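Coordinates as given in coords_4.pdb (PDB, C-alpha atoms):
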ATOM      1  CA  MET A   8       0.000   0.000   0.000
ATOM      2  CA  THR A   9       1.211   3.532  -0.726
ATOM      3  CA  VAL A  10       0.163   6.909   0.650
ATOM      4  CA  LEU A  11      -0.181   9.941  -1.609
ATOM      5  CA  ALA A  12       1.392  12.339   0.917
ATOM      6  CA  LEU A  13       4.536  10.189   1.124
ATOM      7  CA  ILE A  14       5.175  10.033  -2.632
ATOM      8  CA  ARG A  15       7.394  12.939  -3.748
ATOM      9  CA  PRO A  16      10.772  13.603  -5.365
ATOM     10  CA  ASP A  17      13.699  14.356  -3.032
ATOM     11  CA  SER A  18      14.007  17.835  -4.571
ATOM     12  CA  TRP A  19      10.793  18.872  -2.782
ATOM     13  CA  ASN A  20      12.141  18.039   0.670
ATOM     14  CA  TRP A  21      13.613  21.439   1.594
ATOM     15  CA  ALA A  22      10.434  23.249   0.588
ATOM     16  CA  LEU A  23       8.385  20.768   2.597
ATOM     17  CA  LEU A  24      10.696  21.169   5.602
ATOM     18  CA  VAL A  25      10.253  24.967   5.540
ATOM     19  CA  HIS A  26       6.478  24.572   5.133
ATOM     20  CA  VAL A  27       6.033  21.993   7.899
ATOM     21  CA  THR A  28       8.428  23.731  10.313
ATOM     22  CA  GLY A  29       6.610  27.028   9.808
ATOM     23  CA  ALA A  30       3.231  25.349  10.284
ATOM     24  CA  ALA A  31       4.400  23.622  13.479
ATOM     25  CA  ILE A  32       5.753  26.887  14.914
ATOM     26  CA  LEU A  33       2.522  28.642  13.927
ATOM     27  CA  VAL A  34       0.366  26.000  15.642
ATOM     28  CA  GLY A  35       2.609  26.157  18.715
ATOM     29  CA  GLY A  36       2.257  29.939  18.836
ATOM     30  CA  LEU A  37      -1.517  29.687  18.515
ATOM     31  CA  VAL A  38      -1.748  27.055  21.262
ATOM     32  CA  ALA A  39       0.305  29.303  23.567
ATOM     33  CA  ALA A  40      -1.583  32.481  22.613
ATOM     34  CA  GLY A  41      -5.044  30.900  22.759
ATOM     35  CA  GLY A  42      -4.334  29.037  25.990
ATOM     36  CA  ALA A  43      -2.871  32.101  27.695
ATOM     37  CA  SER A  44      -5.817  34.183  26.537
ATOM     38  CA  VAL A  45      -8.335  31.760  28.064
ATOM     39  CA  LEU A  46      -6.399  31.597  31.354
ATOM     40  CA  ALA A  47      -5.821  35.375  31.438
ATOM     41  CA  ARG A  48      -9.306  35.899  32.895
ATOM     42  CA  ARG A  49      -8.107  34.448  36.209
ATOM     43  CA  ASP A  50      -4.754  36.242  36.154
ATOM     44  CA  ALA A  51      -4.766  39.463  38.168
ATOM     45  CA  THR A  52      -1.142  40.256  37.285
ATOM     46  CA  GLY A  53      -1.879  40.804  33.576
ATOM     47  CA  THR A  54       1.044  38.553  32.720
ATOM     48  CA  LEU A  55      -0.910  36.155  30.528
ATOM     49  CA  SER A  56      -2.632  38.808  28.401
ATOM     50  CA  ALA A  57       0.740  40.231  27.425
ATOM     51  CA  PHE A  58       2.151  36.726  26.942
ATOM     52  CA  SER A  59      -0.742  35.781  24.661
ATOM     53  CA  TYR A  60      -0.113  38.777  22.417
ATOM     54  CA  ARG A  61       3.651  38.223  22.361
ATOM     55  CA  MET A  62       3.136  34.595  21.348
ATOM     56  CA  LEU A  63       1.146  35.747  18.334
ATOM     57  CA  LEU A  64       3.712  38.367  17.399
ATOM     58  CA  VAL A  65       7.019  36.652  18.200
ATOM     59  CA  VAL A  66       6.154  32.989  17.508
ATOM     60  CA  GLY A  67       2.975  32.813  15.433
ATOM     61  CA  LEU A  68       3.794  35.500  12.879
ATOM     62  CA  PRO A  69       7.240  34.125  11.895
ATOM     63  CA  GLY A  70       5.638  30.659  11.752
ATOM     64  CA  LEU A  71       2.891  31.951   9.469
ATOM     65  CA  ILE A  72       5.427  33.600   7.140
ATOM     66  CA  LEU A  73       7.594  30.449   7.002
ATOM     67  CA  MET A  74       4.567  28.219   6.445
ATOM     68  CA  ARG A  75       3.179  30.400   3.638
ATOM     69  CA  ALA A  76       6.583  30.838   1.965
ATOM     70  CA  GLY A  77       7.157  27.074   2.121
ATOM     71  CA  ALA A  78       3.670  26.499   0.696
ATOM     72  CA  ALA A  79       4.361  28.791  -2.275
ATOM     73  CA  TRP A  80       7.750  27.148  -2.817
ATOM     74  CA  ILE A  81       6.402  23.590  -2.850
ATOM     75  CA  TYR A  82       3.336  24.631  -4.897
ATOM     76  CA  ASP A  83       5.746  25.907  -7.526
ATOM     77  CA  LYS A  84       7.874  22.745  -7.375
ATOM     78  CA  GLU A  85       4.822  20.489  -7.710
ATOM     79  CA  GLY A  86       3.795  22.373 -10.841
ATOM     80  CA  TRP A  87       0.237  23.271  -9.801
ATOM     81  CA  THR A  88      -1.311  26.031 -11.883
ATOM     82  CA  GLY A  89      -4.578  26.797 -10.131
ATOM     83  CA  ASP A  90      -6.597  24.852 -12.693
ATOM     84  CA  SER A  91      -8.253  21.754 -11.223
ATOM     85  CA  ASP A  92      -6.122  21.845  -8.090
ATOM     86  CA  PRO A  93      -7.154  19.116  -5.613
ATOM     87  CA  THR A  94      -9.487  19.749  -2.665
ATOM     88  CA  TRP A  95      -6.768  19.456  -0.015
ATOM     89  CA  LEU A  96      -4.762  22.174  -1.735
ATOM     90  CA  GLY A  97      -7.833  24.423  -1.754
ATOM     91  CA  ILE A  98      -8.300  23.848   1.974
ATOM     92  CA  GLY A  99      -4.638  24.720   2.528
ATOM     93  CA  PHE A 100      -4.742  27.983   0.593
ATOM     94  CA  LEU A 101      -8.106  28.952   2.072
ATOM     95  CA  THR A 102      -6.913  28.592   5.655
ATOM     96  CA  ALA A 103      -3.469  30.043   4.908
ATOM     97  CA  ASP A 104      -4.700  33.191   3.175
ATOM     98  CA  ILE A 105      -7.951  33.906   5.024
ATOM     99  CA  GLY A 106      -6.120  32.791   8.151
ATOM    100  CA  ALA A 107      -3.376  35.328   7.476
ATOM    101  CA  VAL A 108      -5.952  38.131   7.286
ATOM    102  CA  LEU A 109      -7.553  36.988  10.544
ATOM    103  CA  PHE A 110      -4.113  36.665  12.100
ATOM    104  CA  ILE A 111      -3.248  40.267  11.233
ATOM    105  CA  ILE A 112      -6.607  41.411  12.650
ATOM    106  CA  ALA A 113      -5.791  39.495  15.854
ATOM    107  CA  LEU A 114      -2.394  41.192  16.018
ATOM    108  CA  ILE A 115      -3.896  44.659  15.549
ATOM    109  CA  LEU A 116      -6.657  44.079  18.124
ATOM    110  CA  GLY A 117      -4.192  42.560  20.592
ATOM    111  CA  GLY A 118      -1.680  45.362  20.104
ATOM    112  CA  ILE A 119      -4.281  48.074  20.713
ATOM    113  CA  GLY A 120      -5.700  46.087  23.636
ATOM    114  CA  LEU A 121      -2.308  45.666  25.267
ATOM    115  CA  ARG A 122      -1.481  49.355  24.894
ATOM    116  CA  ARG A 123      -4.835  50.360  26.410
ATOM    117  CA  THR A 124      -4.403  47.905  29.260
ATOM    118  CA  ARG A 125      -0.999  49.346  30.101
ATOM    119  CA  ARG A 126      -2.471  52.867  30.138
ATOM    120  CA  GLY A 127      -5.309  51.654  32.385
ATOM    121  CA  ASP A 128      -7.792  52.486  29.650
ATOM    122  CA  GLY A 129      -9.620  49.138  29.246
ATOM    123  CA  GLY A 130      -8.401  46.956  26.419
ATOM    124  CA  SER A 131      -9.215  43.569  27.955
ATOM    125  CA  GLY A 132     -12.053  43.017  25.472
ATOM    126  CA  LEU A 133      -9.714  43.578  22.529
ATOM    127  CA  LEU A 134      -7.149  41.196  24.009
ATOM    128  CA  ARG A 135      -9.886  38.613  24.522
ATOM    129  CA  ALA A 136     -11.023  39.043  20.909
ATOM    130  CA  SER A 137      -7.434  38.547  19.780
ATOM    131  CA  GLY A 138      -7.242  35.331  21.810
ATOM    132  CA  ILE A 139     -10.558  34.066  20.418
ATOM    133  CA  ILE A 140      -9.293  34.615  16.866
ATOM    134  CA  ALA A 141      -6.158  32.651  17.799
ATOM    135  CA  LEU A 142      -8.338  29.735  18.956
ATOM    136  CA  VAL A 143     -10.465  29.871  15.772
ATOM    137  CA  LEU A 144      -7.281  29.837  13.680
ATOM    138  CA  LEU A 145      -5.945  26.935  15.725
ATOM    139  CA  ALA A 146      -9.081  24.894  14.962
ATOM    140  CA  ALA A 147      -8.796  25.772  11.261
ATOM    141  CA  TYR A 148      -5.141  24.784  11.116
ATOM    142  CA  VAL A 149      -5.789  21.447  12.849
ATOM    143  CA  ILE A 150      -8.253  20.657  10.040
ATOM    144  CA  THR A 151      -5.678  21.870   7.525
ATOM    145  CA  VAL A 152      -2.949  19.602   8.939
ATOM    146  CA  TRP A 153      -5.357  16.675   8.572
ATOM    147  CA  ALA A 154      -6.143  17.723   4.972
ATOM    148  CA  MET A 155      -2.479  18.196   4.057
ATOM    149  CA  ALA A 156      -1.578  14.732   5.360
ATOM    150  CA  GLY A 157      -4.660  12.770   4.272
ATOM    151  CA  LYS A 158      -5.099  14.668   0.994
ATOM    152  CA  PRO A 159      -8.855  14.107   0.568
ATOM    153  CA  GLY A 160      -9.980  14.541  -3.010
TER     154      GLY A 160
ATOM    155  CA  MET B 220      -8.985   8.556   2.138
ATOM    156  CA  GLY B 221      -7.724   5.063   2.815
ATOM    157  CA  PHE B 222      -6.699   3.567   6.140
ATOM    158  CA  SER B 223      -3.029   4.469   5.624
ATOM    159  CA  ASP B 224      -3.957   8.073   4.814
ATOM    160  CA  TRP B 225      -5.821   8.255   8.126
ATOM    161  CA  LEU B 226      -2.837   6.773   9.933
ATOM    162  CA  LEU B 227      -0.540   9.375   8.377
ATOM    163  CA  ALA B 228      -2.956  12.233   9.117
ATOM    164  CA  LEU B 229      -3.255  11.219  12.785
ATOM    165  CA  HIS B 230       0.513  10.632  13.003
ATOM    166  CA  LEU B 231       1.108  14.154  11.700
ATOM    167  CA  LEU B 232      -1.513  15.691  14.008
ATOM    168  CA  ALA B 233       0.180  13.956  16.950
ATOM    169  CA  ALA B 234       3.538  15.352  15.796
ATOM    170  CA  PHE B 235       2.025  18.843  15.658
ATOM    171  CA  ALA B 236       0.671  18.425  19.199
ATOM    172  CA  LEU B 237       4.146  17.417  20.358
ATOM    173  CA  ILE B 238       5.855  20.358  18.638
ATOM    174  CA  ALA B 239       3.166  22.784  19.835
ATOM    175  CA  ALA B 240       3.871  21.678  23.405
ATOM    176  CA  LEU B 241       7.618  22.150  22.883
ATOM    177  CA  VAL B 242       7.008  25.657  21.505
ATOM    178  CA  LEU B 243       4.798  26.436  24.522
ATOM    179  CA  PHE B 244       7.339  25.081  27.037
ATOM    180  CA  THR B 245      10.182  26.973  25.350
ATOM    181  CA  ALA B 246       8.215  30.226  25.410
ATOM    182  CA  VAL B 247       7.271  29.811  29.077
ATOM    183  CA  MET B 248      10.850  28.891  29.971
ATOM    184  CA  VAL B 249      12.225  31.981  28.213
ATOM    185  CA  ALA B 250       9.534  34.241  29.713
ATOM    186  CA  ASN B 251      10.261  32.972  33.237
ATOM    187  CA  TRP B 252      14.026  33.040  32.890
ATOM    188  CA  GLY B 253      15.691  34.679  35.903
ATOM    189  CA  ASP B 254      12.395  36.078  37.184
ATOM    190  CA  GLY B 255      11.535  35.050  40.728
ATOM    191  CA  ARG B 256       8.094  36.666  41.081
ATOM    192  CA  PRO B 257       5.877  33.835  42.355
ATOM    193  CA  GLN B 258       2.458  34.999  41.110
ATOM    194  CA  ARG B 259       3.876  35.718  37.684
ATOM    195  CA  ALA B 260       5.505  32.274  37.635
ATOM    196  CA  SER B 261       2.237  30.739  38.831
ATOM    197  CA  ALA B 262       0.397  32.265  35.862
ATOM    198  CA  PHE B 263       2.979  30.855  33.468
ATOM    199  CA  PHE B 264       2.828  27.439  35.101
ATOM    200  CA  ARG B 265      -0.936  27.347  34.486
ATOM    201  CA  VAL B 266      -0.339  27.957  30.781
ATOM    202  CA  ALA B 267       2.492  25.429  30.656
ATOM    203  CA  ALA B 268       0.141  22.836  32.162
ATOM    204  CA  LEU B 269      -1.743  22.874  28.839
ATOM    205  CA  GLY B 270       1.349  21.386  27.250
ATOM    206  CA  GLY B 271       1.335  18.296  29.491
ATOM    207  CA  PRO B 272      -1.484  16.389  27.746
ATOM    208  CA  LEU B 273      -0.298  17.666  24.363
ATOM    209  CA  ILE B 274       3.227  16.347  24.772
ATOM    210  CA  GLY B 275       2.067  13.110  26.392
ATOM    211  CA  ALA B 276      -0.480  12.260  23.715
ATOM    212  CA  GLY B 277       1.684  13.703  20.948
ATOM    213  CA  ALA B 278       4.801  11.738  21.845
ATOM    214  CA  GLY B 279       2.943   8.485  22.451
ATOM    215  CA  LEU B 280       0.790   8.644  19.331
ATOM    216  CA  THR B 281       3.585   9.736  16.975
ATOM    217  CA  LEU B 282       5.556   6.654  18.004
ATOM    218  CA  VAL B 283       2.677   4.151  17.924
ATOM    219  CA  LEU B 284       1.122   5.480  14.710
ATOM    220  CA  GLY B 285       4.522   5.892  13.075
ATOM    221  CA  ILE B 286       5.465   2.257  13.698
ATOM    222  CA  TRP B 287       1.982   1.156  12.624
ATOM    223  CA  LEU B 288       2.405   3.173   9.421
ATOM    224  CA  ALA B 289       5.803   1.588   8.729
ATOM    225  CA  ILE B 290       4.252  -1.862   9.131
ATOM    226  CA  ASP B 291       1.210  -0.944   7.013
ATOM    227  CA  LEU B 292       3.077   0.572   4.052
ATOM    228  CA  ASP B 293       4.924  -1.520   1.472
ATOM    229  CA  ASP B 294       7.586   1.141   0.881
ATOM    230  CA  PHE B 295       8.902   1.219   4.457
ATOM    231  CA  GLN B 296       9.823  -1.235   7.210
ATOM    232  CA  PRO B 297      10.140  -0.537  10.946
ATOM    233  CA  TRP B 298      13.799  -1.623  10.782
ATOM    234  CA  ASP B 299      14.744   0.913   8.084
ATOM    235  CA  GLY B 300      17.750   2.961   9.236
ATOM    236  CA  TRP B 301      15.973   6.321   9.273
ATOM    237  CA  ILE B 302      13.080   4.862  11.262
ATOM    238  CA  ILE B 303      15.405   3.245  13.828
ATOM    239  CA  ALA B 304      17.337   6.549  14.077
ATOM    240  CA  SER B 305      14.034   8.382  14.605
ATOM    241  CA  ILE B 306      13.014   6.011  17.397
ATOM    242  CA  VAL B 307      16.408   6.460  19.105
ATOM    243  CA  LEU B 308      16.101  10.258  18.831
ATOM    244  CA  TRP B 309      12.508  10.034  20.099
ATOM    245  CA  ALA B 310      13.778   8.119  23.151
ATOM    246  CA  ILE B 311      16.576  10.664  23.780
ATOM    247  CA  GLY B 312      14.106  13.542  23.457
ATOM    248  CA  GLY B 313      11.602  11.767  25.676
ATOM    249  CA  PHE B 314      14.184  11.064  28.390
ATOM    250  CA  ALA B 315      15.580  14.613  28.399
ATOM    251  CA  GLY B 316      12.058  16.056  28.325
ATOM    252  CA  SER B 317      10.936  13.920  31.252
ATOM    253  CA  ARG B 318      13.858  15.248  33.348
ATOM    254  CA  VAL B 319      12.817  18.817  32.504
ATOM    255  CA  GLY B 320       9.222  17.973  33.400
ATOM    256  CA  ALA B 321      10.285  16.514  36.758
ATOM    257  CA  HIS B 322      12.246  19.693  37.562
ATOM    258  CA  TYR B 323       9.259  21.930  36.846
ATOM    259  CA  THR B 324       6.871  19.658  38.741
ATOM    260  CA  ALA B 325       9.135  20.032  41.778
ATOM    261  CA  THR B 326       9.364  23.807  41.224
ATOM    262  CA  GLN B 327       5.567  24.030  41.015
ATOM    263  CA  GLU B 328       5.315  23.240  44.748
ATOM    264  CA  LEU B 329       7.619  26.150  45.570
ATOM    265  CA  VAL B 330       5.676  28.454  43.240
ATOM    266  CA  ASP B 331       2.344  27.503  44.820
ATOM    267  CA  ARG B 332       3.698  28.100  48.334
ATOM    268  CA  LEU B 333       5.290  31.462  47.513
ATOM    269  CA  ALA B 334       2.411  32.738  45.355
ATOM    270  CA  VAL B 335       0.054  32.646  48.365
ATOM    271  CA  GLU B 336       2.394  35.011  50.223
ATOM    272  CA  GLY B 337       2.682  37.599  47.443
ATOM    273  CA  ASN B 338       4.579  38.537  44.312
ATOM    274  CA  GLU B 339       7.885  39.679  45.790
ATOM    275  CA  PRO B 340      10.881  38.278  43.849
ATOM    276  CA  ASN B 341      12.341  35.177  45.452
ATOM    277  CA  ALA B 342      15.975  34.246  44.838
ATOM    278  CA  GLU B 343      15.450  30.498  45.246
ATOM    279  CA  LEU B 344      12.609  30.522  42.718
ATOM    280  CA  ALA B 345      14.613  32.659  40.279
ATOM    281  CA  ALA B 346      17.501  30.166  40.545
ATOM    282  CA  LYS B 347      15.212  27.206  39.870
ATOM    283  CA  LEU B 348      13.628  28.942  36.886
ATOM    284  CA  SER B 349      17.011  29.706  35.351
ATOM    285  CA  ASP B 350      18.755  26.392  35.965
ATOM    286  CA  ALA B 351      21.354  25.983  33.202
ATOM    287  CA  SER B 352      21.279  22.170  33.272
ATOM    288  CA  ILE B 353      17.511  22.216  32.711
ATOM    289  CA  ARG B 354      17.972  24.636  29.833
ATOM    290  CA  THR B 355      20.504  22.206  28.313
ATOM    291  CA  LEU B 356      18.167  19.238  28.751
ATOM    292  CA  HIS B 357      15.330  21.194  27.142
ATOM    293  CA  ALA B 358      17.605  22.129  24.242
ATOM    294  CA  ILE B 359      18.448  18.421  23.810
ATOM    295  CA  THR B 360      14.720  17.623  23.747
ATOM    296  CA  VAL B 361      14.007  20.257  21.098
ATOM    297  CA  ILE B 362      17.009  19.273  18.966
ATOM    298  CA  ALA B 363      16.146  15.552  19.173
ATOM    299  CA  PHE B 364      12.528  16.034  18.083
ATOM    300  CA  THR B 365      13.559  18.533  15.381
ATOM    301  CA  ALA B 366      15.998  15.938  14.061
ATOM    302  CA  VAL B 367      13.136  13.415  13.980
ATOM    303  CA  LEU B 368      11.109  15.879  11.882
ATOM    304  CA  VAL B 369      14.035  16.259   9.462
ATOM    305  CA  LEU B 370      14.391  12.468   9.197
ATOM    306  CA  MET B 371      10.645  12.089   8.582
ATOM    307  CA  ILE B 372      10.832  14.488   5.642
ATOM    308  CA  PHE B 373      14.152  13.481   4.075
ATOM    309  CA  LYS B 374      13.898   9.720   4.819
ATOM    310  CA  PRO B 375      17.598   9.094   4.119
ATOM    311  CA  GLY B 376      18.174   5.686   2.587
ATOM    312  CA  ALA B 377      14.498   5.128   1.746
TER     313      ALA B 377
END

Represent the structure from my file as structure tokens, please.
Amino acid sequence: MTVLALIRPDSWNWALLVHVTGAAILVGGLVAAGGASVLARRDATGTLSAFSYRMLLVVGLPGLILMRAGAAWIYDKEGWTGDSDPTWLGIGFLTADIGAVLFIIALILGGIGLRRTRRGDGGSGLLRASGIIALVLLAAYVITVWAMAGKPG
Amino acid sequence: MGFSDWLLALHLLAAFALIAALVLFTAVMVANWGDGRPQRASAFFRVAALGGPLIGAGAGLTLVLGIWLAIDLDDFQPWDGWIIASIVLWAIGGFAGSRVGAHYTATQELVDRLAVEGNEPNAELAAKLSDASIRTLHAITVIAFTAVLVLMIFKPGA
């Protein structure tokens, strides 16, 4: 028995390594950011709100860039053109590109929220919204990882 | 999707859970480094606790599903060099990681005790949170599992 996701020329390996490493860092950043955001409600020190935002900015964003760059690289190597691309590839691009927009929104909301919190001018709602977006993205990327590996369609 | 595709998908999801936990632990370790404020450390320990089930399930399932996959697929065998090397690296990473986990479990008791009293920096806690040997063991864990990822992609000799 063979598996579609395991059949590839060796020349694709570096692109795949960049893509998978970026995706793993991104998912790790989202787990940290989303988890910290949920737990921040019971944290009077404000430590976790700031940590949640920093995880998005310092870990998630570089992961997203690596993942998307690796995706473009391997897409080019595999010779896809956009015509009759398989379902799994569509899922990947959908979550990567719409996810990137949502990610940037989360960064903006979190950044404003953190600044307001530090000034004592509210901001917790914005930080919470940023964390919720991180959790939504995490769920989307879990489905994407399944699609990338199983390659339905 | 066939059975093997499902095995691979779940194997990969388990690997992502494992790496996500390592990213989380690394971030918490860096954030806590040299800082002895108990309530701050307590908050970070609560976040780090999320990584426990992730790394447990992730490490266990990547190994079990990976071996199952090697048995199931015609192209690979569990005794292939790159698979044996991956299992050895998995064991090294698992051992080093378990030592790091034991250190933080022991530190948790100190954090809980000090956090009740306030958030004044504590030298003993700061020393435990910036233990160089634990940092080295964590680095070994990360390097070992990263090397497994590289082997999984490049499959040297396959």

Residues of chain A within 10 Å of chain B, counting only C-alpha atoms, as a tab-separated table (two decimals) with C-alpha atoms, in the frame of the given file:
chain	number	residue	atom	x	y	z
A	8	MET	CA	0.00	0.00	0.00
A	9	THR	CA	1.21	3.53	-0.73
A	10	VAL	CA	0.16	6.91	0.65
A	11	LEU	CA	-0.18	9.94	-1.61
A	12	ALA	CA	1.39	12.34	0.92
A	13	LEU	CA	4.54	10.19	1.12
A	14	ILE	CA	5.18	10.03	-2.63
A	17	ASP	CA	13.70	14.36	-3.03
A	18	SER	CA	14.01	17.84	-4.57
A	19	TRP	CA	10.79	18.87	-2.78
A	20	ASN	CA	12.14	18.04	0.67
A	21	TRP	CA	13.61	21.44	1.59
A	23	LEU	CA	8.38	20.77	2.60
A	24	LEU	CA	10.70	21.17	5.60
A	27	VAL	CA	6.03	21.99	7.90
A	28	THR	CA	8.43	23.73	10.31
A	30	ALA	CA	3.23	25.35	10.28
A	31	ALA	CA	4.40	23.62	13.48
A	32	ILE	CA	5.75	26.89	14.91
A	33	LEU	CA	2.52	28.64	13.93
A	34	VAL	CA	0.37	26.00	15.64
A	35	GLY	CA	2.61	26.16	18.72
A	36	GLY	CA	2.26	29.94	18.84
A	37	LEU	CA	-1.52	29.69	18.52
A	38	VAL	CA	-1.75	27.06	21.26
A	39	ALA	CA	0.30	29.30	23.57
A	40	ALA	CA	-1.58	32.48	22.61
A	41	GLY	CA	-5.04	30.90	22.76
A	42	GLY	CA	-4.33	29.04	25.99
A	43	ALA	CA	-2.87	32.10	27.70
A	44	SER	CA	-5.82	34.18	26.54
A	45	VAL	CA	-8.34	31.76	28.06
A	46	LEU	CA	-6.40	31.60	31.35
A	47	ALA	CA	-5.82	35.38	31.44
A	49	ARG	CA	-8.11	34.45	36.21
A	50	ASP	CA	-4.75	36.24	36.15
A	51	ALA	CA	-4.77	39.46	38.17
A	52	THR	CA	-1.14	40.26	37.28
A	53	GLY	CA	-1.88	40.80	33.58
A	54	THR	CA	1.04	38.55	32.72
A	55	LEU	CA	-0.91	36.16	30.53
A	58	PHE	CA	2.15	36.73	26.94
A	59	SER	CA	-0.74	35.78	24.66
A	61	ARG	CA	3.65	38.22	22.36
A	62	MET	CA	3.14	34.60	21.35
A	65	VAL	CA	7.02	36.65	18.20
A	66	VAL	CA	6.15	32.99	17.51
A	149	VAL	CA	-5.79	21.45	12.85
A	150	ILE	CA	-8.25	20.66	10.04
A	151	THR	CA	-5.68	21.87	7.52
A	152	VAL	CA	-2.95	19.60	8.94
A	153	TRP	CA	-5.36	16.68	8.57
A	154	ALA	CA	-6.14	17.72	4.97
A	155	MET	CA	-2.48	18.20	4.06
A	156	ALA	CA	-1.58	14.73	5.36
A	157	GLY	CA	-4.66	12.77	4.27
A	158	LYS	CA	-5.10	14.67	0.99
A	159	PRO	CA	-8.86	14.11	0.57
A	160	GLY	CA	-9.98	14.54	-3.01

> Quick one: distance from CA of Ala358 in chain B to CA of Gly316 in chain B in Å, one decimal?
Replying inline: 9.2 Å

> Can you list, as number ranges by chain, the residues that the PyMOL selection byres ((chain B and resi 252) around 12) selects here?
Replying inline: B: 244-251, 253-256, 259-260, 263, 344-351, 353-354

>> What would the selection look like, as a list in words, if the PyMOL selection byres ((chain B and resi 281) around 8) were run on the coordinates I just shared?
In response: His230, Leu231, Ala233, Ala234, Gly277, Ala278, Gly279, Leu280, Leu282, Val283, Leu284 and Gly285 of chain B

>> If I take CA of Ile303 in chain B and CA of Met74 in chain A, how far is one from the other in Å, to one decimal?
In response: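 Atom-to-atom, CA of Ile303 in chain B to CA of Met74 in chain A, that is 28.2 Å.
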
Put a box with edges along x, y and z around all the listed atoms of range 228-243 of chain B, pad it by 8 Å on each side, then give me its centre and sizes in Å, one decimal, as lines of an AutoDock Vina configuration file.
center_x = 2.2
center_y = 18.5
center_z = 16.8
size_x = 26.9
size_y = 31.8
size_z = 31.4

>> Could you tell me, as JSON, numbers by chain, exactly which residues end up selected when the PyMOL selection byres ((chain B and resi 310) around 12) is applied to this structure?
In response: {"B": [278, 279, 282, 303, 304, 305, 306, 307, 308, 309, 311, 312, 313, 314, 315, 316, 317, 359, 360, 363, 364, 367]}

>> Which residues are close to Tyr323 in chain B, i.e. within 9 Å by all atoms listed in the file, leaving aside same-chain residues fewer than 3 positions away? Reply as JSON, numbers by chain.
In response: {"B": [264, 318, 319, 320, 326, 327, 328, 347, 348]}

>> If I take CA of Glu336 in chain B and CA of Pro257 in chain B, how far is one from the other in Å, to one decimal?
In response: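 The value is 8.7 Å.
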
> Which residues, written as a ChimeraX atom specification, have at least one atom at most 8 Å from Leu144 in chain A, with only C-alpha atoms counted and residues fewer than 3 positions away on the same chain left out?
Replying inline: /A:37,106,109-110,140-141,147-148

Kindly add N, CA and C atoms to the incomplete range 84-96 of chain A and provide the output as a compact mmCIF listing (two decimals), keeping the file's coordinate frame.
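Output contents, as saved in part.txt:
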# COMPACT_ATOMS: atom_id res chain seq x y z
N LYS A 84 7.11 23.96 -7.03
CA LYS A 84 7.87 22.74 -7.38
C LYS A 84 6.96 21.64 -7.88
N GLU A 85 5.74 21.55 -7.31
CA GLU A 85 4.82 20.49 -7.71
C GLU A 85 4.16 20.78 -9.05
N GLY A 86 4.31 22.04 -9.52
CA GLY A 86 3.80 22.37 -10.84
C GLY A 86 2.30 22.60 -10.91
N TRP A 87 1.67 22.94 -9.77
CA TRP A 87 0.24 23.27 -9.80
C TRP A 87 0.05 24.61 -10.50
N THR A 88 -1.09 24.79 -11.14
CA THR A 88 -1.31 26.03 -11.88
C THR A 88 -2.53 26.80 -11.39
N GLY A 89 -3.33 26.17 -10.55
CA GLY A 89 -4.58 26.80 -10.13
C GLY A 89 -5.78 26.19 -10.84
N ASP A 90 -5.52 25.53 -11.97
CA ASP A 90 -6.60 24.85 -12.69
C ASP A 90 -6.72 23.43 -12.16
N SER A 91 -7.93 23.09 -11.76
CA SER A 91 -8.25 21.75 -11.22
C SER A 91 -7.27 21.29 -10.15
N ASP A 92 -6.92 22.22 -9.25
CA ASP A 92 -6.12 21.84 -8.09
C ASP A 92 -6.97 20.96 -7.18
N PRO A 93 -6.37 20.01 -6.47
CA PRO A 93 -7.15 19.12 -5.61
C PRO A 93 -7.76 19.83 -4.39
N THR A 94 -8.75 19.16 -3.80
CA THR A 94 -9.49 19.75 -2.66
C THR A 94 -8.56 20.13 -1.51
N TRP A 95 -7.63 19.21 -1.19
CA TRP A 95 -6.77 19.46 -0.02
C TRP A 95 -5.93 20.72 -0.19
N LEU A 96 -5.56 20.98 -1.46
CA LEU A 96 -4.76 22.17 -1.74
C LEU A 96 -5.62 23.43 -1.54
